[in-house]
$ cat run-v6.cif   # mmCIF, C-alpha atoms and all ligand atoms
data_model
#
loop_
_atom_site.label_atom_id
_atom_site.label_comp_id
_atom_site.auth_asym_id
_atom_site.auth_seq_id
_atom_site.Cartn_x
_atom_site.Cartn_y
_atom_site.Cartn_z
CA MET A 1 27.83 129.81 148.43
CA ALA A 2 27.95 126.07 148.93
CA ILE A 3 27.11 124.50 145.60
CA SER A 4 27.63 120.80 144.96
CA LYS A 5 30.82 119.96 143.07
CA ASP A 6 28.87 117.53 140.92
CA VAL A 7 26.41 120.21 139.89
CA LEU A 8 29.14 122.73 139.15
CA LYS A 9 30.62 120.25 136.66
CA VAL A 10 27.38 120.12 134.66
CA GLN A 11 27.30 122.13 131.44
CA PRO A 12 24.11 124.03 130.64
CA SER A 13 22.22 122.66 127.62
CA ALA A 14 23.92 124.16 124.54
CA THR A 15 20.78 123.88 122.47
CA LEU A 16 18.67 125.70 125.05
CA ALA A 17 21.41 128.34 125.48
CA MET A 18 21.54 129.01 121.71
CA SER A 19 17.78 129.02 121.57
CA SER A 20 17.50 131.65 124.33
CA ARG A 21 20.17 133.85 122.67
CA THR A 22 18.18 133.61 119.49
CA ASN A 23 14.92 134.44 121.23
CA ALA A 24 16.54 137.48 122.86
CA LEU A 25 17.46 138.82 119.39
CA ILE A 26 13.98 138.03 118.07
CA ALA A 27 12.51 139.92 121.06
CA LYS A 28 14.57 142.96 119.97
CA GLY A 29 12.73 142.83 116.64
CA ILE A 30 15.51 141.22 114.59
CA ASP A 31 14.23 138.85 111.91
CA ILE A 32 16.08 135.68 112.89
CA ILE A 33 15.26 132.28 111.42
CA ASN A 34 15.56 129.90 114.32
CA LEU A 35 16.87 126.50 113.26
CA THR A 36 18.03 125.54 116.77
CA VAL A 37 14.75 124.09 117.93
CA GLY A 38 14.29 120.45 118.85
CA GLN A 39 10.53 120.40 118.75
CA PRO A 40 7.74 120.15 116.17
CA ASP A 41 6.37 123.57 115.19
CA PHE A 42 2.79 122.21 115.06
CA ALA A 43 0.19 122.63 117.78
CA THR A 44 -0.91 119.42 119.51
CA PRO A 45 -3.82 117.86 117.56
CA LYS A 46 -7.20 119.11 118.77
CA SER A 47 -8.56 115.69 119.78
CA ILE A 48 -5.64 115.37 122.22
CA GLN A 49 -6.18 118.88 123.58
CA ASP A 50 -9.87 118.07 124.03
CA ALA A 51 -9.09 114.95 126.06
CA ALA A 52 -7.05 117.06 128.50
CA ILE A 53 -9.78 119.70 128.73
CA ALA A 54 -12.39 117.03 129.41
CA ALA A 55 -10.18 115.47 132.10
CA ILE A 56 -9.77 118.86 133.77
CA GLN A 57 -13.46 119.76 133.56
CA SER A 58 -14.65 116.41 134.88
CA GLY A 59 -12.41 116.89 137.91
CA LYS A 60 -10.44 113.67 137.37
CA ALA A 61 -7.24 115.57 136.53
CA SER A 62 -7.33 117.26 139.94
CA PHE A 63 -5.63 114.45 141.81
CA TYR A 64 -2.31 112.70 142.26
CA THR A 65 -1.91 109.60 140.13
CA PRO A 66 0.36 106.64 140.95
CA ALA A 67 4.01 107.77 140.65
CA ALA A 68 4.49 105.37 137.74
CA GLY A 69 1.50 106.88 135.94
CA LEU A 70 -2.17 106.12 135.35
CA PRO A 71 -2.80 102.39 134.81
CA ALA A 72 -4.78 103.24 131.65
CA LEU A 73 -1.82 105.15 130.23
CA ARG A 74 0.64 102.36 131.06
CA GLN A 75 -1.70 99.97 129.25
CA ALA A 76 -2.01 102.38 126.29
CA VAL A 77 1.81 102.51 126.06
CA CYS A 78 1.96 98.69 125.98
CA ASP A 79 -0.74 98.58 123.30
CA ARG A 80 0.98 101.15 121.07
CA ILE A 81 4.41 99.51 121.42
CA ALA A 82 2.78 96.18 120.52
CA ILE A 83 1.41 97.77 117.33
CA GLU A 84 4.57 99.64 116.39
CA ASP A 85 7.34 97.29 117.49
CA GLN A 86 5.45 93.96 117.70
CA VAL A 87 6.70 93.50 121.25
CA GLN A 88 4.43 92.80 124.20
CA TYR A 89 5.17 94.52 127.51
CA ASP A 90 3.18 94.27 130.72
CA PRO A 91 2.11 97.54 132.44
CA SER A 92 4.35 96.55 135.39
CA GLN A 93 7.25 97.06 132.98
CA VAL A 94 6.27 100.68 132.19
CA ILE A 95 6.83 103.98 133.98
CA ILE A 96 5.35 107.26 132.78
CA THR A 97 7.79 110.12 133.33
CA THR A 98 7.87 113.90 133.07
CA GLY A 99 9.15 113.75 129.48
CA ALA A 100 11.54 111.14 128.12
CA LYS A 101 14.28 113.42 129.42
CA PHE A 102 13.31 112.79 133.04
CA GLY A 103 12.82 109.10 132.22
CA LEU A 104 16.49 108.97 131.17
CA PHE A 105 17.51 110.91 134.26
CA LEU A 106 15.70 108.48 136.57
CA LEU A 107 17.08 105.51 134.68
CA PHE A 108 20.71 106.63 135.11
CA GLN A 109 20.04 107.27 138.81
CA VAL A 110 18.82 103.71 139.19
CA ILE A 111 21.30 101.74 137.06
CA LEU A 112 24.58 103.53 137.82
CA ASN A 113 26.96 103.16 140.71
CA GLU A 114 29.85 105.54 141.37
CA ALA A 115 32.28 105.63 138.41
CA ASP A 116 30.36 103.18 136.21
CA ASP A 117 30.95 103.84 132.52
CA VAL A 118 28.19 104.61 130.02
CA LEU A 119 29.14 104.43 126.35
CA LEU A 120 27.82 107.25 124.17
CA PRO A 121 28.42 106.75 120.44
CA GLU A 122 29.28 110.06 118.75
CA PRO A 123 27.49 112.23 117.96
CA PHE A 124 25.16 112.07 120.95
CA TRP A 125 22.32 114.11 122.37
CA VAL A 126 23.60 116.73 124.80
CA SER A 127 21.72 115.62 127.91
CA TYR A 128 22.99 112.01 128.13
CA ALA A 129 26.48 112.93 129.29
CA GLU A 130 25.32 115.44 131.89
CA GLN A 131 22.68 113.06 133.26
CA VAL A 132 25.27 110.29 133.56
CA HIS A 133 27.57 112.67 135.48
CA LEU A 134 24.73 113.66 137.80
CA ALA A 135 24.21 109.98 138.58
CA GLY A 136 27.90 109.61 139.49
CA GLY A 137 28.85 107.77 136.29
CA ASN A 138 31.43 108.40 133.60
CA ALA A 139 30.15 109.31 130.14
CA ILE A 140 32.49 107.73 127.61
CA ALA A 141 32.28 109.21 124.11
CA VAL A 142 32.80 106.45 121.56
CA LYS A 143 34.40 107.25 118.18
CA THR A 144 32.20 105.81 115.45
CA THR A 145 33.71 104.26 112.35
CA GLY A 146 30.87 102.26 110.76
CA LYS A 147 28.72 102.93 107.72
CA ASP A 148 27.60 106.59 107.75
CA GLN A 149 29.65 107.01 110.93
CA LYS A 150 27.38 104.74 112.93
CA VAL A 151 28.84 102.82 115.86
CA THR A 152 30.07 99.26 115.29
CA VAL A 153 30.77 96.40 117.67
CA ALA A 154 34.50 96.98 117.09
CA ASP A 155 34.10 100.64 118.18
CA LEU A 156 32.24 99.52 121.31
CA GLU A 157 34.68 96.76 122.08
CA ALA A 158 37.53 99.29 121.93
CA ALA A 159 35.74 101.39 124.56
CA ARG A 160 34.53 98.55 126.84
CA THR A 161 36.03 98.24 130.34
CA PRO A 162 35.00 96.16 133.37
CA LYS A 163 33.12 99.29 134.51
CA THR A 164 30.95 99.50 131.38
CA GLN A 165 27.40 99.37 132.66
CA ALA A 166 25.35 100.67 129.73
CA ILE A 167 25.34 101.96 126.18
CA VAL A 168 22.92 104.59 124.89
CA LEU A 169 21.61 103.99 121.37
CA ASN A 170 19.48 106.65 119.73
CA SER A 171 17.83 105.88 116.40
CA PRO A 172 16.71 107.94 114.51
CA GLN A 173 19.46 110.02 115.93
CA ASN A 174 19.59 113.54 117.26
CA PRO A 175 21.62 115.35 115.84
CA SER A 176 22.49 113.39 112.67
CA GLY A 177 19.05 112.10 111.60
CA LEU A 178 20.63 108.70 110.90
CA LEU A 179 18.71 105.48 111.37
CA TYR A 180 20.25 102.21 112.49
CA GLU A 181 19.31 99.20 110.39
CA ALA A 182 18.17 95.90 111.90
CA ASP A 183 21.43 94.06 111.25
CA GLU A 184 23.48 96.89 112.80
CA LEU A 185 21.24 96.86 115.88
CA ARG A 186 21.30 93.08 116.14
CA ALA A 187 25.09 93.01 116.20
CA ILE A 188 25.20 95.67 118.93
CA GLY A 189 22.42 93.94 120.88
CA GLU A 190 24.17 90.58 120.83
CA TRP A 191 27.43 92.21 121.92
CA ALA A 192 25.63 93.89 124.85
CA VAL A 193 23.96 90.62 125.87
CA ALA A 194 27.29 88.76 125.69
CA HIS A 195 28.95 91.28 128.01
CA ASN A 196 25.91 91.94 130.23
CA ILE A 197 25.83 95.62 129.31
CA LEU A 198 22.46 97.38 129.55
CA ILE A 199 21.13 98.96 126.38
CA VAL A 200 19.34 102.27 126.77
CA ALA A 201 17.38 102.56 123.52
CA ASP A 202 16.18 106.12 122.96
CA ASP A 203 13.43 105.64 120.35
CA ILE A 204 11.87 109.09 120.81
CA TYR A 205 12.01 109.79 117.03
CA SER A 206 10.73 106.34 115.97
CA ASN A 207 7.71 107.73 114.15
CA LEU A 208 9.64 110.40 112.28
CA VAL A 209 11.22 108.30 109.53
CA TYR A 210 11.16 109.33 105.89
CA ASN A 211 11.34 108.38 102.25
CA GLY A 212 10.42 104.72 102.64
CA ASN A 213 13.04 103.95 105.30
CA GLN A 214 11.87 101.55 108.00
CA PHE A 215 12.37 102.02 111.73
CA THR A 216 13.41 98.96 113.72
CA SER A 217 13.44 99.02 117.49
CA ILE A 218 16.28 97.02 119.00
CA VAL A 219 13.76 95.45 121.42
CA SER A 220 12.04 93.70 118.51
CA LEU A 221 15.13 91.70 117.51
CA SER A 222 15.19 88.93 120.15
CA ASP A 223 13.96 88.16 123.64
CA ALA A 224 17.50 88.26 124.99
CA ILE A 225 18.10 91.73 123.55
CA ARG A 226 14.74 93.00 124.79
CA GLN A 227 15.50 91.77 128.31
CA GLN A 228 18.81 93.62 128.21
CA THR A 229 17.18 96.87 127.05
CA LEU A 230 15.42 99.81 128.64
CA LEU A 231 13.29 101.42 125.95
CA VAL A 232 12.84 105.18 126.33
CA THR A 233 10.26 107.05 124.30
CA GLY A 234 7.31 109.43 124.64
CA VAL A 235 4.71 111.59 122.97
CA SER A 236 6.73 114.80 122.47
CA LYS A 237 7.94 114.38 118.90
CA THR A 238 5.28 112.11 117.35
CA TYR A 239 2.25 114.08 118.54
CA ALA A 240 3.73 117.60 118.82
CA MET A 241 3.42 117.43 122.62
CA THR A 242 6.78 118.72 123.89
CA GLY A 243 5.14 121.11 126.36
CA TRP A 244 2.97 118.41 127.96
CA ARG A 245 6.01 116.55 129.36
CA ILE A 246 5.08 112.91 129.03
CA GLY A 247 7.65 110.19 128.36
CA PHE A 248 7.83 106.46 129.04
CA VAL A 249 10.46 103.91 129.95
CA LEU A 250 9.80 100.20 129.36
CA GLY A 251 11.84 97.24 130.49
CA ASP A 252 12.81 95.05 133.42
CA ALA A 253 10.07 95.32 136.07
CA ALA A 254 12.59 95.55 138.95
CA ILE A 255 14.36 98.53 137.37
CA ILE A 256 11.01 100.19 136.57
CA LYS A 257 9.93 99.69 140.20
CA GLU A 258 13.10 101.39 141.49
CA MET A 259 12.59 104.25 139.03
CA SER A 260 9.03 104.68 140.33
CA LYS A 261 10.37 104.77 143.88
CA VAL A 262 12.82 107.56 143.01
CA ALA A 263 10.15 109.43 141.01
CA SER A 264 7.78 109.22 143.98
CA HIS A 265 10.30 111.27 146.00
CA ALA A 266 11.08 113.68 143.14
CA THR A 267 8.25 114.79 140.88
CA GLY A 268 5.64 112.42 142.23
CA ASN A 269 3.51 111.70 139.19
CA PRO A 270 3.67 113.49 135.84
CA THR A 271 0.87 116.06 135.48
CA ALA A 272 -2.47 114.23 135.44
CA ALA A 273 -4.08 116.29 132.64
CA SER A 274 -1.08 115.54 130.42
CA GLN A 275 -1.43 111.84 131.15
CA TYR A 276 -5.08 111.91 130.00
CA ALA A 277 -3.97 113.73 126.86
CA ALA A 278 -1.32 111.08 126.23
CA ILE A 279 -3.92 108.29 126.52
CA ALA A 280 -5.91 110.02 123.77
CA ALA A 281 -2.78 110.43 121.65
CA LEU A 282 -1.77 106.77 121.90
CA ASN A 283 -5.23 105.19 121.61
CA GLY A 284 -6.72 107.65 119.12
CA ASP A 285 -6.67 108.08 115.38
CA GLN A 286 -3.06 108.45 114.19
CA SER A 287 -3.82 110.43 111.03
CA GLU A 288 -2.67 113.82 112.34
CA ALA A 289 0.60 112.32 113.55
CA LYS A 290 1.05 110.83 110.08
CA ALA A 291 0.33 114.19 108.44
CA MET A 292 2.99 115.90 110.59
CA ARG A 293 5.48 113.17 109.65
CA ALA A 294 4.72 113.79 105.97
CA ALA A 295 5.30 117.54 106.42
CA PHE A 296 8.74 116.87 107.94
CA GLU A 297 9.58 114.54 105.06
CA ASP A 298 8.67 117.24 102.55
CA ARG A 299 10.84 119.78 104.38
CA LEU A 300 13.78 117.38 104.50
CA ASN A 301 13.48 116.73 100.78
CA THR A 302 13.30 120.47 100.12
CA ILE A 303 16.26 121.66 102.14
CA TYR A 304 18.63 118.71 101.96
CA PRO A 305 19.87 119.45 98.42
CA LYS A 306 20.17 123.15 99.23
CA ILE A 307 22.24 122.60 102.37
CA GLN A 308 24.35 120.02 100.58
CA ALA A 309 25.05 122.54 97.79
CA LEU A 310 26.42 125.19 100.19
CA PRO A 311 30.18 125.50 99.75
CA GLY A 312 32.05 123.75 102.55
CA PHE A 313 28.93 122.03 103.98
CA GLU A 314 29.36 118.28 103.77
CA ILE A 315 26.69 115.62 104.45
CA ASN A 316 27.64 112.19 103.19
CA THR A 317 24.30 110.48 103.68
CA LYS A 318 20.81 111.90 103.51
CA PRO A 319 19.25 111.69 106.98
CA GLN A 320 16.45 109.14 107.29
CA GLY A 321 14.68 110.41 110.39
CA ALA A 322 14.20 112.94 113.24
CA PHE A 323 14.22 116.56 112.02
CA TYR A 324 17.86 117.57 111.87
CA LEU A 325 20.73 117.87 109.41
CA PHE A 326 24.24 117.66 110.83
CA PRO A 327 26.67 118.79 108.13
CA ASN A 328 30.42 118.87 108.64
CA VAL A 329 31.27 122.54 108.07
CA LYS A 330 35.02 122.41 108.66
CA ALA A 331 35.75 123.52 105.07
CA ALA A 332 33.22 126.38 105.37
CA VAL A 333 34.78 127.56 108.65
CA VAL A 334 38.24 127.54 107.05
CA ALA A 335 37.03 129.21 103.84
CA THR A 336 35.40 132.06 105.75
CA GLY A 337 38.38 132.54 108.06
CA TYR A 338 36.68 131.88 111.41
CA ALA A 339 38.73 130.35 114.21
CA ASN A 340 36.26 127.59 115.00
CA THR A 341 32.69 126.37 114.56
CA GLU A 342 31.42 128.43 117.52
CA ASP A 343 32.65 131.68 115.94
CA PHE A 344 31.18 130.60 112.59
CA VAL A 345 27.80 129.88 114.22
CA THR A 346 27.89 133.26 116.02
CA ALA A 347 28.54 135.00 112.68
CA LEU A 348 25.66 133.10 111.07
CA LEU A 349 23.40 134.37 113.85
CA ASP A 350 24.64 137.97 113.93
CA GLU A 351 25.11 138.51 110.20
CA ALA A 352 23.01 135.97 108.29
CA HIS A 353 20.30 135.99 110.99
CA VAL A 354 20.12 132.21 110.90
CA ALA A 355 20.42 130.37 114.23
CA VAL A 356 21.93 126.87 114.34
CA VAL A 357 23.78 124.90 117.04
CA ALA A 358 27.52 124.14 116.98
CA GLY A 359 28.30 120.40 117.04
CA THR A 360 30.67 120.67 120.02
CA ALA A 361 27.92 119.85 122.50
CA PHE A 362 27.14 116.67 120.55
CA GLY A 363 30.78 115.56 120.63
CA GLN A 364 31.56 116.60 117.02
CA PRO A 365 32.91 120.16 116.91
CA ASP A 366 33.33 120.30 113.11
CA HIS A 367 29.58 119.98 112.60
CA ILE A 368 26.53 122.18 113.02
CA ARG A 369 23.00 121.03 113.76
CA ILE A 370 20.24 122.48 111.59
CA SER A 371 16.67 121.73 112.67
CA TYR A 372 14.02 121.65 109.95
CA ALA A 373 11.12 121.72 112.41
CA THR A 374 9.96 125.03 110.99
CA SER A 375 7.95 126.18 107.97
CA LYS A 376 9.15 125.46 104.44
CA GLU A 377 9.14 129.18 103.61
CA ALA A 378 11.41 129.95 106.57
CA LEU A 379 13.68 127.06 105.62
CA LEU A 380 14.01 128.28 102.04
CA THR A 381 14.78 131.82 103.22
CA ALA A 382 17.37 130.41 105.64
CA CYS A 383 19.04 128.50 102.79
CA ASP A 384 19.21 131.71 100.71
CA ARG A 385 20.71 133.60 103.63
CA LEU A 386 23.31 130.90 104.22
CA ALA A 387 24.21 130.88 100.53
CA ASP A 388 24.58 134.70 100.52
CA PHE A 389 26.68 134.52 103.69
CA MET A 390 29.02 131.96 102.18
CA ALA A 391 29.27 133.91 98.90
CA SER A 392 30.16 137.16 100.66
CA HIS A 393 32.47 135.77 103.37
CA GLN A 394 34.77 133.41 101.51
CA LYS A 395 38.32 134.63 101.83
C1 LIG B 1 17.35 112.20 121.50
C2 LIG B 1 16.33 112.75 122.44
N1 LIG B 1 15.94 112.00 123.48
C3 LIG B 1 15.04 112.45 124.36
C4 LIG B 1 14.48 113.71 124.24
C5 LIG B 1 13.52 114.15 125.30
O1 LIG B 1 12.23 114.33 124.90
P1 LIG B 1 11.08 114.71 125.93
O2 LIG B 1 11.69 114.97 127.25
O3 LIG B 1 10.43 115.95 125.37
O4 LIG B 1 10.13 113.55 125.96
C6 LIG B 1 14.86 114.52 123.18
C7 LIG B 1 14.31 115.89 123.06
O5 LIG B 1 14.87 116.76 122.45
C8 LIG B 1 15.80 114.03 122.24
O6 LIG B 1 16.19 114.76 121.20
#

$ encode --input "run-v6.cif" --output "structure tokens"
Amino acid sequence: MAISKDVLKVQPSATLAMSSRTNALIAKGIDIINLTVGQPDFATPKSIQDAAIAAIQSGKASFYTPAAGLPALRQAVCDRIAIEDQVQYDPSQVIITTGAKFGLFLLFQVILNEADDVLLPEPFWVSYAEQVHLAGGNAIAVKTTGKDQKVTVADLEAARTPKTQAIVLNSPQNPSGLLYEADELRAIGEWAVAHNILIVADDIYSNLVYNGNQFTSIVSLSDAIRQQTLLVTGVSKTYAMTGWRIGFVLGDAAIIKEMSKVASHATGNPTAASQYAAIAALNGDQSEAKAMRAAFEDRLNTIYPKIQALPGFEINTKPQGAFYLFPNVKAAVVATGYANTEDFVTALLDEAHVAVVAGTAFGQPDHIRISYATSKEALLTACDRLADFMASHQK
């Protein structure tokens, strides 16, 4: 069969692969606690569901929308970003995409030429590297040496080449839950401006920040940095809307126009009913989103000390956002006699019946990613199971 060489090089999503293995065991009736998931476990708030139902029943969701999205939704995105980040965008600088994931995909298609480099500070979300490859670029993993292992200008400078076209910054970060502070972002932003490197700011977890920590978007730091940045975000995580597939990219109007052109030949517009739902989410009362954020905070505060107390599980800094812990488990893998993190994770699934993702896919193979986007009861049971596993398997 003739399959494109570029496509054959793409790795399947490790998180989705682990998730489907887990679901297969659950389907067999095995009581697995699934901590692989990257999505809120809440249903979408009812007022948002109702807006979609009304759009369907009135008939207005029956039709194509502009490829870049409904004008009212592009305006709603501008209005919400103005509230949250104190930055004013014009609707011509916004494209609505089929999830932030497809927004990133389109963006790399538009900004990369053959063999351009994109810097990905470690650890990084699995899809960036594969999307960069699919756009003909090189994904360059950048070793991070700053505070809490965040990327510094020195780390970036060591990785910069004449082919460096963009850097992807994700804060709060999947998988580590770490949040970049304003001064860290400013330094990176100024470096990118000085070298004319585009900043792809993935702010998808911006509303999931805990324990009094403050989110700063890099676009809010100066006009020069904002002009250098493509801001990627969406409704999936804030409003428990992963299944609706609505994301946004904001930035330079010429880039957004090219992305709309490519989208018009690919998906066309994102699903109209989902766009009406997203308008309700962005313009409506934010109290349910805030309640979900508070539930994640409570879960983090419950399981963090328990995960930290597991022998051989090391987390130096308490995560400040998203809904993941990313402990280094090298000592636990050694203590239990497994050859590597993958084998350790497989044993956790098969014997402890707790599913997590090995850090390899995020560029840090000594780590595992634990999602706490599940009920507190399940999280507490998972912690007990992990503790029992460690107690019974240490050599
Ligand atoms: C860091 C990061 N960016 C982007 C996305 C994509 O979100 P969506 O496509 O659901 O909008 C995810 C989802 O897991 C993510 O973790």

$ atom_distance --input "run-v6.cif" --atom1 "atom O5 of ligand LIG 1 (chain B)" --atom2 "atom CA of A:Tyr64"
26.5 Å

$ atom_distance --input "run-v6.cif" --atom1 "atom CA of A:Leu112" --atom2 "atom CA of A:Asp79"
29.6 Å

$ closest_atom_pairs --input "run-v6.cif" --of "chain A" --to "ligand LIG 1 (chain B)" --cutoff "8 Å" --atoms "only C-alpha atoms and all ligand atoms" --output "JSON lines"
{"residue": "A:Gly38", "atom": "CA", "partner": "B:LIG1", "partner_atom": "O5", "distance": 5.2}
{"residue": "A:Gln39", "atom": "CA", "partner": "B:LIG1", "partner_atom": "O5", "distance": 6.8}
{"residue": "A:Thr98", "atom": "CA", "partner": "B:LIG1", "partner_atom": "O2", "distance": 7.0}
{"residue": "A:Gly99", "atom": "CA", "partner": "B:LIG1", "partner_atom": "O2", "distance": 3.6}
{"residue": "A:Ala100", "atom": "CA", "partner": "B:LIG1", "partner_atom": "O4", "distance": 3.5}
{"residue": "A:Lys101", "atom": "CA", "partner": "B:LIG1", "partner_atom": "O2", "distance": 3.7}
{"residue": "A:Phe102", "atom": "CA", "partner": "B:LIG1", "partner_atom": "O2", "distance": 6.4}
{"residue": "A:Gly103", "atom": "CA", "partner": "B:LIG1", "partner_atom": "O2", "distance": 7.8}
{"residue": "A:Leu104", "atom": "CA", "partner": "B:LIG1", "partner_atom": "C3", "distance": 7.8}
{"residue": "A:Phe124", "atom": "CA", "partner": "B:LIG1", "partner_atom": "C1", "distance": 7.8}
{"residue": "A:Trp125", "atom": "CA", "partner": "B:LIG1", "partner_atom": "C1", "distance": 5.4}
{"residue": "A:Asn170", "atom": "CA", "partner": "B:LIG1", "partner_atom": "C1", "distance": 6.2}
{"residue": "A:Gln173", "atom": "CA", "partner": "B:LIG1", "partner_atom": "C1", "distance": 6.3}
{"residue": "A:Asn174", "atom": "CA", "partner": "B:LIG1", "partner_atom": "C1", "distance": 5.0}
{"residue": "A:Pro175", "atom": "CA", "partner": "B:LIG1", "partner_atom": "O6", "distance": 7.7}
{"residue": "A:Asp202", "atom": "CA", "partner": "B:LIG1", "partner_atom": "N1", "distance": 5.9}
{"residue": "A:Asp203", "atom": "CA", "partner": "B:LIG1", "partner_atom": "N1", "distance": 7.5}
{"residue": "A:Ile204", "atom": "CA", "partner": "B:LIG1", "partner_atom": "N1", "distance": 5.7}
{"residue": "A:Tyr205", "atom": "CA", "partner": "B:LIG1", "partner_atom": "C1", "distance": 7.4}
{"residue": "A:Val232", "atom": "CA", "partner": "B:LIG1", "partner_atom": "C3", "distance": 7.8}
{"residue": "A:Thr233", "atom": "CA", "partner": "B:LIG1", "partner_atom": "O4", "distance": 6.7}
{"residue": "A:Gly234", "atom": "CA", "partner": "B:LIG1", "partner_atom": "O4", "distance": 5.2}
{"residue": "A:Val235", "atom": "CA", "partner": "B:LIG1", "partner_atom": "O4", "distance": 6.5}
{"residue": "A:Ser236", "atom": "CA", "partner": "B:LIG1", "partner_atom": "O3", "distance": 4.8}
{"residue": "A:Lys237", "atom": "CA", "partner": "B:LIG1", "partner_atom": "O3", "distance": 7.1}
{"residue": "A:Met241", "atom": "CA", "partner": "B:LIG1", "partner_atom": "O3", "distance": 7.7}
{"residue": "A:Thr242", "atom": "CA", "partner": "B:LIG1", "partner_atom": "O3", "distance": 4.8}
{"residue": "A:Gly243", "atom": "CA", "partner": "B:LIG1", "partner_atom": "O3", "distance": 7.5}
{"residue": "A:Arg245", "atom": "CA", "partner": "B:LIG1", "partner_atom": "O3", "distance": 6.0}
{"residue": "A:Ile246", "atom": "CA", "partner": "B:LIG1", "partner_atom": "O4", "distance": 5.9}
{"residue": "A:Gly247", "atom": "CA", "partner": "B:LIG1", "partner_atom": "O4", "distance": 4.8}

$ write_last_selection --input "run-v6.cif" --atoms "C-alpha atoms" --output "PDB file, keeping the file's coordinate frame"
ATOM      1  CA  GLY A  38      14.290 120.450 118.850  1.00  0.00           C
ATOM      2  CA  GLN A  39      10.530 120.400 118.750  1.00  0.00           C
ATOM      3  CA  THR A  98       7.870 113.900 133.070  1.00  0.00           C
ATOM      4  CA  GLY A  99       9.150 113.750 129.480  1.00  0.00           C
ATOM      5  CA  ALA A 100      11.540 111.140 128.120  1.00  0.00           C
ATOM      6  CA  LYS A 101      14.280 113.420 129.420  1.00  0.00           C
ATOM      7  CA  PHE A 102      13.310 112.790 133.040  1.00  0.00           C
ATOM      8  CA  GLY A 103      12.820 109.100 132.220  1.00  0.00           C
ATOM      9  CA  LEU A 104      16.490 108.970 131.170  1.00  0.00           C
ATOM     10  CA  PHE A 124      25.160 112.070 120.950  1.00  0.00           C
ATOM     11  CA  TRP A 125      22.320 114.110 122.370  1.00  0.00           C
ATOM     12  CA  ASN A 170      19.480 106.650 119.730  1.00  0.00           C
ATOM     13  CA  GLN A 173      19.460 110.020 115.930  1.00  0.00           C
ATOM     14  CA  ASN A 174      19.590 113.540 117.260  1.00  0.00           C
ATOM     15  CA  PRO A 175      21.620 115.350 115.840  1.00  0.00           C
ATOM     16  CA  ASP A 202      16.180 106.120 122.960  1.00  0.00           C
ATOM     17  CA  ASP A 203      13.430 105.640 120.350  1.00  0.00           C
ATOM     18  CA  ILE A 204      11.870 109.090 120.810  1.00  0.00           C
ATOM     19  CA  TYR A 205      12.010 109.790 117.030  1.00  0.00           C
ATOM     20  CA  VAL A 232      12.840 105.180 126.330  1.00  0.00           C
ATOM     21  CA  THR A 233      10.260 107.050 124.300  1.00  0.00           C
ATOM     22  CA  GLY A 234       7.310 109.430 124.640  1.00  0.00           C
ATOM     23  CA  VAL A 235       4.710 111.590 122.970  1.00  0.00           C
ATOM     24  CA  SER A 236       6.730 114.800 122.470  1.00  0.00           C
ATOM     25  CA  LYS A 237       7.940 114.380 118.900  1.00  0.00           C
ATOM     26  CA  MET A 241       3.420 117.430 122.620  1.00  0.00           C
ATOM     27  CA  THR A 242       6.780 118.720 123.890  1.00  0.00           C
ATOM     28  CA  GLY A 243       5.140 121.110 126.360  1.00  0.00           C
ATOM     29  CA  ARG A 245       6.010 116.550 129.360  1.00  0.00           C
ATOM     30  CA  ILE A 246       5.080 112.910 129.030  1.00  0.00           C
ATOM     31  CA  GLY A 247       7.650 110.190 128.360  1.00  0.00           C
TER      32      GLY A 247
END

$ residues_around --input "run-v6.cif" --residues "A:Arg293" --least-positions-apart "6" --cutoff "12 Å" --atoms "only C-alpha atoms" --output "list in words"
Pro40, Asp41, Phe42, Tyr205, Ser206, Asn207, Leu208, Val209, Tyr210, Asn211, Lys237, Thr238, Tyr239, Ala240, Gln286, Ser287, Arg299, Leu300, Gln320, Gly321, Ala322, Phe323 and Ala373 of chain A

$ closest_residue --input "run-v6.cif" --among "A:Asn113, A:Thr229, A:Ser371, A:Ser20" --to "A:Asn138" --atoms "only C-alpha atoms"
A:Asn113

$ atom_distance --input "run-v6.cif" --atom1 "atom CA of A:Ile279" --atom2 "atom CA of A:Ala68"
14.3 Å

$ closest_residue --input "run-v6.cif" --among "A:Val354, A:Leu35, A:Ile30, A:Ile368" --to "A:Lys330" --atoms "all atoms listed in the file"
A:Ile368

$ residues_around --input "run-v6.cif" --residues "A:Arg80" --least-positions-apart "5" --cutoff "9 Å" --atoms "all atoms listed in the file" --output "MDAnalysis selection string"
chainID A and resid 75 85 282:283

$ closest_residue --input "run-v6.cif" --among "A:Leu73, A:Ala2, A:Lys143, A:Val262" --to "A:Phe105" --atoms "all atoms listed in the file"
A:Val262

$ residues_around --input "run-v6.cif" --residues "A:Met390" --least-positions-apart "3" --cutoff "9 Å" --atoms "only C-alpha atoms" --output "ChimeraX atom specification"
/A:310-312,332,335-336,385-387,393-394

$ residues_around --input "run-v6.cif" --residues "A:Val345" --least-positions-apart "6" --cutoff "10 Å" --atoms "all atoms listed in the file" --output "ChimeraX atom specification"
/A:18,333,338,351-352,354-359,368

$ write_last_selection --input "run-v6.cif" --atoms "C-alpha atoms" --output "compact mmCIF listing (two decimals), keeping the file's coordinate frame"
# COMPACT_ATOMS: atom_id res chain seq x y z
CA MET A 18 21.54 129.01 121.71
CA VAL A 333 34.78 127.56 108.65
CA TYR A 338 36.68 131.88 111.41
CA GLU A 351 25.11 138.51 110.20
CA ALA A 352 23.01 135.97 108.29
CA VAL A 354 20.12 132.21 110.90
CA ALA A 355 20.42 130.37 114.23
CA VAL A 356 21.93 126.87 114.34
CA VAL A 357 23.78 124.90 117.04
CA ALA A 358 27.52 124.14 116.98
CA GLY A 359 28.30 120.40 117.04
CA ILE A 368 26.53 122.18 113.02
